[in-house]
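A.B. asks: Structure supplied as run_33.cif; contents: mmCIF, N, CA and C atoms.
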```cif
data_start
#
loop_
_atom_site.group_PDB
_atom_site.id
_atom_site.type_symbol
_atom_site.label_atom_id
_atom_site.label_comp_id
_atom_site.auth_asym_id
_atom_site.auth_seq_id
_atom_site.Cartn_x
_atom_site.Cartn_y
_atom_site.Cartn_z
ATOM 1 N N LEU A 1 0.625 -10.948 -8.703
ATOM 2 C CA LEU A 1 -0.241 -10.648 -9.824
ATOM 3 C C LEU A 1 -1.701 -10.585 -9.396
ATOM 4 N N VAL A 2 -2.063 -11.456 -8.472
ATOM 5 C CA VAL A 2 -3.447 -11.462 -7.997
ATOM 6 C C VAL A 2 -3.771 -10.153 -7.282
ATOM 7 N N ALA A 3 -2.844 -9.681 -6.450
ATOM 8 C CA ALA A 3 -3.069 -8.419 -5.729
ATOM 9 C C ALA A 3 -3.195 -7.253 -6.701
ATOM 10 N N THR A 4 -2.402 -7.252 -7.757
ATOM 11 C CA THR A 4 -2.498 -6.199 -8.762
ATOM 12 C C THR A 4 -3.845 -6.262 -9.478
ATOM 13 N N GLY A 5 -4.281 -7.459 -9.819
ATOM 14 C CA GLY A 5 -5.580 -7.614 -10.471
ATOM 15 C C GLY A 5 -6.730 -7.161 -9.585
ATOM 16 N N ILE A 6 -6.689 -7.521 -8.315
ATOM 17 C CA ILE A 6 -7.744 -7.098 -7.394
ATOM 18 C C ILE A 6 -7.737 -5.584 -7.232
ATOM 19 N N ALA A 7 -6.555 -4.997 -7.068
ATOM 20 C CA ALA A 7 -6.453 -3.538 -6.919
ATOM 21 C C ALA A 7 -6.990 -2.830 -8.157
ATOM 22 N N TRP A 8 -6.661 -3.345 -9.328
ATOM 23 C CA TRP A 8 -7.159 -2.731 -10.560
ATOM 24 C C TRP A 8 -8.679 -2.847 -10.628
ATOM 25 N N TRP A 9 -9.217 -4.039 -10.332
ATOM 26 C CA TRP A 9 -10.652 -4.258 -10.402
ATOM 27 C C TRP A 9 -11.399 -3.343 -9.434
ATOM 28 N N VAL A 10 -10.921 -3.232 -8.206
ATOM 29 C CA VAL A 10 -11.574 -2.356 -7.221
ATOM 30 C C VAL A 10 -11.462 -0.898 -7.651
ATOM 31 N N GLY A 11 -10.303 -0.512 -8.156
ATOM 32 C CA GLY A 11 -10.100 0.876 -8.579
ATOM 33 C C GLY A 11 -10.927 1.271 -9.788
ATOM 34 N N GLU A 12 -11.128 0.355 -10.698
ATOM 35 C CA GLU A 12 -11.858 0.652 -11.925
ATOM 36 C C GLU A 12 -13.362 0.429 -11.810
ATOM 37 N N SER A 13 -13.782 -0.335 -10.832
ATOM 38 C CA SER A 13 -15.211 -0.594 -10.702
ATOM 39 C C SER A 13 -15.896 0.583 -10.014
ATOM 40 N N SER A 14 -17.199 0.568 -10.033
ATOM 41 C CA SER A 14 -17.949 1.642 -9.380
ATOM 42 C C SER A 14 -18.446 1.176 -8.017
ATOM 43 N N LEU A 15 -17.629 0.420 -7.319
ATOM 44 C CA LEU A 15 -17.995 -0.101 -5.998
ATOM 45 C C LEU A 15 -17.863 1.012 -4.960
ATOM 46 N N GLY A 16 -18.910 1.725 -4.737
ATOM 47 C CA GLY A 16 -18.863 2.781 -3.731
ATOM 48 C C GLY A 16 -17.965 3.927 -4.151
ATOM 49 N N THR A 17 -18.385 4.670 -5.133
ATOM 50 C CA THR A 17 -17.565 5.733 -5.703
ATOM 51 C C THR A 17 -17.102 6.731 -4.651
ATOM 52 N N ARG A 18 -17.938 7.044 -3.696
ATOM 53 C CA ARG A 18 -17.564 8.007 -2.655
ATOM 54 C C ARG A 18 -17.200 7.318 -1.341
ATOM 55 N N ALA A 19 -17.156 5.997 -1.333
ATOM 56 C CA ALA A 19 -16.877 5.249 -0.107
ATOM 57 C C ALA A 19 -15.376 5.179 0.151
ATOM 58 N N LEU A 20 -15.021 4.934 1.382
ATOM 59 C CA LEU A 20 -13.613 4.831 1.765
ATOM 60 C C LEU A 20 -13.072 3.426 1.571
ATOM 61 N N TRP A 21 -13.913 2.421 1.648
ATOM 62 C CA TRP A 21 -13.399 1.053 1.638
ATOM 63 C C TRP A 21 -12.656 0.681 0.358
ATOM 64 N N PRO A 22 -13.052 1.140 -0.849
ATOM 65 C CA PRO A 22 -12.240 0.786 -2.020
ATOM 66 C C PRO A 22 -10.836 1.381 -1.949
ATOM 67 N N VAL A 23 -10.747 2.593 -1.430
ATOM 68 C CA VAL A 23 -9.437 3.234 -1.283
ATOM 69 C C VAL A 23 -8.597 2.454 -0.279
ATOM 70 N N ALA A 24 -9.207 2.043 0.826
ATOM 71 C CA ALA A 24 -8.486 1.284 1.846
ATOM 72 C C ALA A 24 -8.016 -0.065 1.301
ATOM 73 N N VAL A 25 -8.847 -0.726 0.492
ATOM 74 C CA VAL A 25 -8.456 -2.016 -0.084
ATOM 75 C C VAL A 25 -7.271 -1.844 -1.026
ATOM 76 N N VAL A 26 -7.343 -0.853 -1.893
ATOM 77 C CA VAL A 26 -6.255 -0.624 -2.851
ATOM 78 C C VAL A 26 -4.957 -0.298 -2.125
ATOM 79 N N PHE A 27 -5.022 0.555 -1.108
ATOM 80 C CA PHE A 27 -3.798 0.913 -0.398
ATOM 81 C C PHE A 27 -3.296 -0.204 0.503
ATOM 82 N N ALA A 28 -4.166 -1.036 1.033
ATOM 83 C CA ALA A 28 -3.715 -2.192 1.806
ATOM 84 C C ALA A 28 -2.963 -3.170 0.903
ATOM 85 N N LEU A 29 -3.490 -3.382 -0.293
ATOM 86 C CA LEU A 29 -2.801 -4.251 -1.243
ATOM 87 C C LEU A 29 -1.467 -3.638 -1.679
ATOM 88 N N ALA A 30 -1.459 -2.340 -1.919
ATOM 89 C CA ALA A 30 -0.216 -1.668 -2.314
ATOM 90 C C ALA A 30 0.815 -1.748 -1.189
ATOM 91 N N LEU A 31 0.367 -1.594 0.042
ATOM 92 C CA LEU A 31 1.272 -1.693 1.185
ATOM 93 C C LEU A 31 1.840 -3.108 1.297
ATOM 94 N N ALA A 32 0.992 -4.110 1.144
ATOM 95 C CA ALA A 32 1.467 -5.498 1.211
ATOM 96 C C ALA A 32 2.482 -5.788 0.110
ATOM 97 N N LYS A 33 2.211 -5.295 -1.089
ATOM 98 C CA LYS A 33 3.152 -5.493 -2.190
ATOM 99 C C LYS A 33 4.455 -4.742 -1.940
ATOM 100 N N GLY A 34 4.358 -3.534 -1.382
ATOM 101 C CA GLY A 34 5.560 -2.757 -1.075
ATOM 102 C C GLY A 34 6.430 -3.433 -0.029
ATOM 103 N N VAL A 35 5.794 -3.993 0.992
ATOM 104 C CA VAL A 35 6.553 -4.709 2.026
ATOM 105 C C VAL A 35 7.219 -5.949 1.428
ATOM 106 N N ALA A 36 6.488 -6.676 0.590
ATOM 107 C CA ALA A 36 7.066 -7.863 -0.041
ATOM 108 C C ALA A 36 8.263 -7.489 -0.915
ATOM 109 N N ILE A 37 8.142 -6.420 -1.657
ATOM 110 C CA ILE A 37 9.252 -5.972 -2.512
ATOM 111 C C ILE A 37 10.438 -5.546 -1.668
ATOM 112 N N ALA A 38 10.182 -4.803 -0.589
ATOM 113 C CA ALA A 38 11.277 -4.342 0.272
ATOM 114 C C ALA A 38 11.998 -5.516 0.921
ATOM 115 N N LEU A 39 11.255 -6.487 1.391
ATOM 116 C CA LEU A 39 11.887 -7.603 2.090
ATOM 117 C C LEU A 39 12.598 -8.563 1.148
ATOM 118 N N GLU A 40 12.015 -8.813 -0.016
ATOM 119 C CA GLU A 40 12.596 -9.801 -0.923
ATOM 120 C C GLU A 40 13.573 -9.204 -1.924
ATOM 121 N N PHE A 41 13.112 -8.248 -2.725
ATOM 122 C CA PHE A 41 13.941 -7.745 -3.809
ATOM 123 C C PHE A 41 14.974 -6.725 -3.347
ATOM 124 N N MET A 42 14.663 -5.977 -2.292
ATOM 125 C CA MET A 42 15.649 -5.051 -1.736
ATOM 126 C C MET A 42 16.493 -5.745 -0.664
ATOM 127 N N GLU A 43 16.158 -6.998 -0.400
ATOM 128 C CA GLU A 43 16.875 -7.851 0.538
ATOM 129 C C GLU A 43 16.985 -7.245 1.933
ATOM 130 N N LEU A 44 15.899 -6.625 2.389
ATOM 131 C CA LEU A 44 15.889 -6.051 3.732
ATOM 132 C C LEU A 44 15.588 -7.092 4.801
ATOM 133 N N ARG A 45 15.204 -8.285 4.397
ATOM 134 C CA ARG A 45 14.926 -9.334 5.379
ATOM 135 C C ARG A 45 16.188 -9.647 6.188
ATOM 136 N N GLY A 46 17.336 -9.582 5.559
ATOM 137 C CA GLY A 46 18.592 -9.871 6.249
ATOM 138 C C GLY A 46 19.334 -8.629 6.693
ATOM 139 N N ALA A 47 18.762 -7.461 6.454
ATOM 140 C CA ALA A 47 19.416 -6.192 6.814
ATOM 141 C C ALA A 47 19.168 -5.879 8.293
ATOM 142 N N PRO A 48 19.902 -4.912 8.830
ATOM 143 C CA PRO A 48 19.644 -4.498 10.212
ATOM 144 C C PRO A 48 18.192 -4.038 10.384
ATOM 145 N N ALA A 49 17.658 -4.272 11.561
ATOM 146 C CA ALA A 49 16.247 -3.979 11.838
ATOM 147 C C ALA A 49 15.899 -2.517 11.601
ATOM 148 N N VAL A 50 16.828 -1.621 11.837
ATOM 149 C CA VAL A 50 16.534 -0.194 11.661
ATOM 150 C C VAL A 50 16.159 0.115 10.217
ATOM 151 N N TRP A 51 16.787 -0.549 9.250
ATOM 152 C CA TRP A 51 16.466 -0.305 7.849
ATOM 153 C C TRP A 51 15.091 -0.852 7.487
ATOM 154 N N ARG A 52 14.782 -2.051 7.991
ATOM 155 C CA ARG A 52 13.446 -2.608 7.747
ATOM 156 C C ARG A 52 12.377 -1.696 8.337
ATOM 157 N N ARG A 53 12.585 -1.258 9.565
ATOM 158 C CA ARG A 53 11.613 -0.372 10.216
ATOM 159 C C ARG A 53 11.473 0.944 9.474
ATOM 160 N N PHE A 54 12.574 1.487 8.999
ATOM 161 C CA PHE A 54 12.534 2.753 8.270
ATOM 162 C C PHE A 54 11.726 2.623 6.980
ATOM 163 N N VAL A 55 12.016 1.606 6.189
ATOM 164 C CA VAL A 55 11.340 1.446 4.897
ATOM 165 C C VAL A 55 9.866 1.115 5.088
ATOM 166 N N ILE A 56 9.544 0.184 5.975
ATOM 167 C CA ILE A 56 8.148 -0.176 6.206
ATOM 168 C C ILE A 56 7.397 0.981 6.850
ATOM 169 N N GLY A 57 8.054 1.711 7.752
ATOM 170 C CA GLY A 57 7.438 2.896 8.349
ATOM 171 C C GLY A 57 7.143 3.963 7.308
ATOM 172 N N TRP A 58 8.070 4.143 6.370
ATOM 173 C CA TRP A 58 7.868 5.115 5.298
ATOM 174 C C TRP A 58 6.662 4.719 4.449
ATOM 175 N N LEU A 59 6.541 3.438 4.133
ATOM 176 C CA LEU A 59 5.387 2.962 3.365
ATOM 177 C C LEU A 59 4.083 3.219 4.124
ATOM 178 N N LEU A 60 4.093 2.958 5.429
ATOM 179 C CA LEU A 60 2.899 3.190 6.241
ATOM 180 C C LEU A 60 2.532 4.667 6.293
ATOM 181 N N VAL A 61 3.521 5.531 6.465
ATOM 182 C CA VAL A 61 3.259 6.974 6.555
ATOM 183 C C VAL A 61 2.699 7.504 5.237
ATOM 184 N N VAL A 62 3.298 7.126 4.136
ATOM 185 C CA VAL A 62 2.824 7.608 2.832
ATOM 186 C C VAL A 62 1.398 7.116 2.569
ATOM 187 N N SER A 63 1.142 5.853 2.844
ATOM 188 C CA SER A 63 -0.208 5.319 2.642
ATOM 189 C C SER A 63 -1.221 6.023 3.537
ATOM 190 N N ALA A 64 -0.864 6.227 4.795
ATOM 191 C CA ALA A 64 -1.777 6.903 5.731
ATOM 192 C C ALA A 64 -2.033 8.344 5.313
ATOM 193 N N LEU A 65 -1.021 9.038 4.827
ATOM 194 C CA LEU A 65 -1.214 10.418 4.365
ATOM 195 C C LEU A 65 -2.143 10.494 3.167
ATOM 196 N N ILE A 66 -1.987 9.578 2.240
ATOM 197 C CA ILE A 66 -2.846 9.586 1.060
ATOM 198 C C ILE A 66 -4.295 9.290 1.450
ATOM 199 N N VAL A 67 -4.501 8.323 2.338
ATOM 200 C CA VAL A 67 -5.853 8.018 2.790
ATOM 201 C C VAL A 67 -6.420 9.199 3.565
ATOM 202 N N ALA A 68 -5.611 9.885 4.376
ATOM 203 C CA ALA A 68 -6.078 11.054 5.117
ATOM 204 C C ALA A 68 -6.482 12.176 4.183
ATOM 205 N N VAL A 69 -5.730 12.380 3.117
ATOM 206 C CA VAL A 69 -6.100 13.408 2.133
ATOM 207 C C VAL A 69 -7.406 13.029 1.463
ATOM 208 N N ARG A 70 -7.581 11.742 1.190
ATOM 209 C CA ARG A 70 -8.842 11.273 0.583
ATOM 210 C C ARG A 70 -10.024 11.511 1.509
ATOM 211 N N LEU A 71 -9.813 11.292 2.807
ATOM 212 C CA LEU A 71 -10.882 11.522 3.770
ATOM 213 C C LEU A 71 -11.215 13.000 3.898
ATOM 214 N N ALA A 72 -10.214 13.864 3.766
ATOM 215 C CA ALA A 72 -10.415 15.298 3.923
ATOM 216 C C ALA A 72 -11.038 15.932 2.685
ATOM 217 N N ALA A 73 -11.005 15.245 1.567
ATOM 218 C CA ALA A 73 -11.563 15.792 0.322
ATOM 219 C C ALA A 73 -13.088 15.905 0.454
ATOM 220 N N PRO A 74 -13.631 16.967 -0.100
ATOM 221 C CA PRO A 74 -15.093 17.150 -0.011
ATOM 222 C C PRO A 74 -15.871 16.156 -0.823
#
```
Can the structure from this file be put into structure tokens for me?

C.D. replies:
Amino acid sequence: LVATGIAWWVGESSLGTRALWPVAVVFALALAKGVAIALEFMELRGAPAVWRRFVIGWLLVVSALIVAVRLAAP
């Protein structure tokens, strides 16, 4: 809940409207929450390593692509 509150506050505030750091903070929190959900609620902590790597890798790729698109925006 704290991570969601921080992400909302950073996203809604005017802390560096054109800066990259608010976007990086929001996506870092989203990535941490996604990993926690994958390991706990999807029970990947006890699954074969290939599945954990696949899901966490997918989260990293999607987050990196979104940040890259944000950087490329004028």

A.B. asks: Fewer than 5 positions away in the same chain doesn't count, so skip those; otherwise give me all residues within 6.5 Å of Ser63 (chain A), counting all atoms listed in the file, as a list of chain:residue names.

C.D. replies: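 Once the adjacent positions are removed, what remains is A:Phe27, A:Trp58, A:Ala68.
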
A.B. asks: Evaluate the PyMOL selection byres (((chain A and resi 70 and name CA) around 12) and name CA) on the structure here and hand back the selected residues as an NGL selection string.

C.D. replies: :A and (18-24 or 27 or 63-69 or 71-74)

A.B. asks: Given 8 Å of margin on each side, can you work out the centre and size in Å (one decimal) of an axis-aligned box holding every listed atom of region 61-64 of chain A, as lines of an AutoDock Vina configuration file?

C.D. replies:
```
center_x = 0.7
center_y = 6.8
center_z = 4.6
size_x = 21.6
size_y = 19.0
size_z = 20.0
```

A.B. asks: How many Å separate CA of Val10 (chain A) from CA of Val25 (chain A)?

C.D. replies: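 Going from CA of Val10 (chain A) over to CA of Val25 (chain A) covers 7.8 Å.
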
A.B. asks: Rounded to one decimal in Å, what is the spacing between atom C of Lys33 (chain A) and atom N of Ala47 (chain A)?

C.D. replies: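 Taking atom C of Lys33 (chain A) as the start and atom N of Ala47 (chain A) as the end point, the length is 16.8 Å.
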
A.B. asks: Which of these residues is nearest to Leu29 (chain A), using only C-alpha atoms: A:Leu44, A:Leu1, A:Val55, A:Val50?

C.D. replies: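 Answer, going by the shortest atom-to-atom distance: A:Leu1.
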
A.B. asks: So how many Å separate CA of Ala28 (chain A) and atom C of Leu60 (chain A), to one decimal?

C.D. replies: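 Between CA of Ala28 (chain A) and atom C of Leu60 (chain A) the gap works out to 10.3 Å.
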
A.B. asks: Taking the DSSP secondary structure from the backbone, can you list the residues of region 26-55 of chain A that are helix (DSSP H, G or I), as a list in words?

C.D. replies: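 Assigned to helix (DSSP H, G or I), within region 26-55 of chain A: Val26, Phe27, Ala28, Leu29, Ala30, Leu31, Ala32, Lys33, Gly34, Val35, Ala36, Ile37, Ala38, Leu39, Glu40, Leu44, Arg45, Gly46, Ala49, Val50, Trp51, Arg52, Arg53, Phe54 and Val55 of chain A.
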
A.B. asks: Using N, CA and C atoms, can you export the residues from the last selection as a CSV table (one decimal), in the frame of the given file?

C.D. replies:
```csv
chain,number,residue,atom,x,y,z
A,26,VAL,N,-7.3,-0.9,-1.9
A,26,VAL,CA,-6.3,-0.6,-2.9
A,26,VAL,C,-5.0,-0.3,-2.1
A,27,PHE,N,-5.0,0.6,-1.1
A,27,PHE,CA,-3.8,0.9,-0.4
A,27,PHE,C,-3.3,-0.2,0.5
A,28,ALA,N,-4.2,-1.0,1.0
A,28,ALA,CA,-3.7,-2.2,1.8
A,28,ALA,C,-3.0,-3.2,0.9
A,29,LEU,N,-3.5,-3.4,-0.3
A,29,LEU,CA,-2.8,-4.3,-1.2
A,29,LEU,C,-1.5,-3.6,-1.7
A,30,ALA,N,-1.5,-2.3,-1.9
A,30,ALA,CA,-0.2,-1.7,-2.3
A,30,ALA,C,0.8,-1.7,-1.2
A,31,LEU,N,0.4,-1.6,0.0
A,31,LEU,CA,1.3,-1.7,1.2
A,31,LEU,C,1.8,-3.1,1.3
A,32,ALA,N,1.0,-4.1,1.1
A,32,ALA,CA,1.5,-5.5,1.2
A,32,ALA,C,2.5,-5.8,0.1
A,33,LYS,N,2.2,-5.3,-1.1
A,33,LYS,CA,3.2,-5.5,-2.2
A,33,LYS,C,4.5,-4.7,-1.9
A,34,GLY,N,4.4,-3.5,-1.4
A,34,GLY,CA,5.6,-2.8,-1.1
A,34,GLY,C,6.4,-3.4,0.0
A,35,VAL,N,5.8,-4.0,1.0
A,35,VAL,CA,6.6,-4.7,2.0
A,35,VAL,C,7.2,-5.9,1.4
A,36,ALA,N,6.5,-6.7,0.6
A,36,ALA,CA,7.1,-7.9,0.0
A,36,ALA,C,8.3,-7.5,-0.9
A,37,ILE,N,8.1,-6.4,-1.7
A,37,ILE,CA,9.3,-6.0,-2.5
A,37,ILE,C,10.4,-5.5,-1.7
A,38,ALA,N,10.2,-4.8,-0.6
A,38,ALA,CA,11.3,-4.3,0.3
A,38,ALA,C,12.0,-5.5,0.9
A,39,LEU,N,11.3,-6.5,1.4
A,39,LEU,CA,11.9,-7.6,2.1
A,39,LEU,C,12.6,-8.6,1.1
A,40,GLU,N,12.0,-8.8,0.0
A,40,GLU,CA,12.6,-9.8,-0.9
A,40,GLU,C,13.6,-9.2,-1.9
A,44,LEU,N,15.9,-6.6,2.4
A,44,LEU,CA,15.9,-6.1,3.7
A,44,LEU,C,15.6,-7.1,4.8
A,45,ARG,N,15.2,-8.3,4.4
A,45,ARG,CA,14.9,-9.3,5.4
A,45,ARG,C,16.2,-9.6,6.2
A,46,GLY,N,17.3,-9.6,5.6
A,46,GLY,CA,18.6,-9.9,6.2
A,46,GLY,C,19.3,-8.6,6.7
A,49,ALA,N,17.7,-4.3,11.6
A,49,ALA,CA,16.2,-4.0,11.8
A,49,ALA,C,15.9,-2.5,11.6
A,50,VAL,N,16.8,-1.6,11.8
A,50,VAL,CA,16.5,-0.2,11.7
A,50,VAL,C,16.2,0.1,10.2
A,51,TRP,N,16.8,-0.5,9.2
A,51,TRP,CA,16.5,-0.3,7.8
A,51,TRP,C,15.1,-0.9,7.5
A,52,ARG,N,14.8,-2.1,8.0
A,52,ARG,CA,13.4,-2.6,7.7
A,52,ARG,C,12.4,-1.7,8.3
A,53,ARG,N,12.6,-1.3,9.6
A,53,ARG,CA,11.6,-0.4,10.2
A,53,ARG,C,11.5,0.9,9.5
A,54,PHE,N,12.6,1.5,9.0
A,54,PHE,CA,12.5,2.8,8.3
A,54,PHE,C,11.7,2.6,7.0
A,55,VAL,N,12.0,1.6,6.2
A,55,VAL,CA,11.3,1.4,4.9
A,55,VAL,C,9.9,1.1,5.1
```

A.B. asks: Which of these, A:Ala3, A:Phe54, A:Ala49, A:Glu12, has the shortest distance to Leu31 (chain A) once you count only C-alpha atoms?

C.D. replies: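 For Leu31 (chain A), the nearest of the candidates is A:Ala3.
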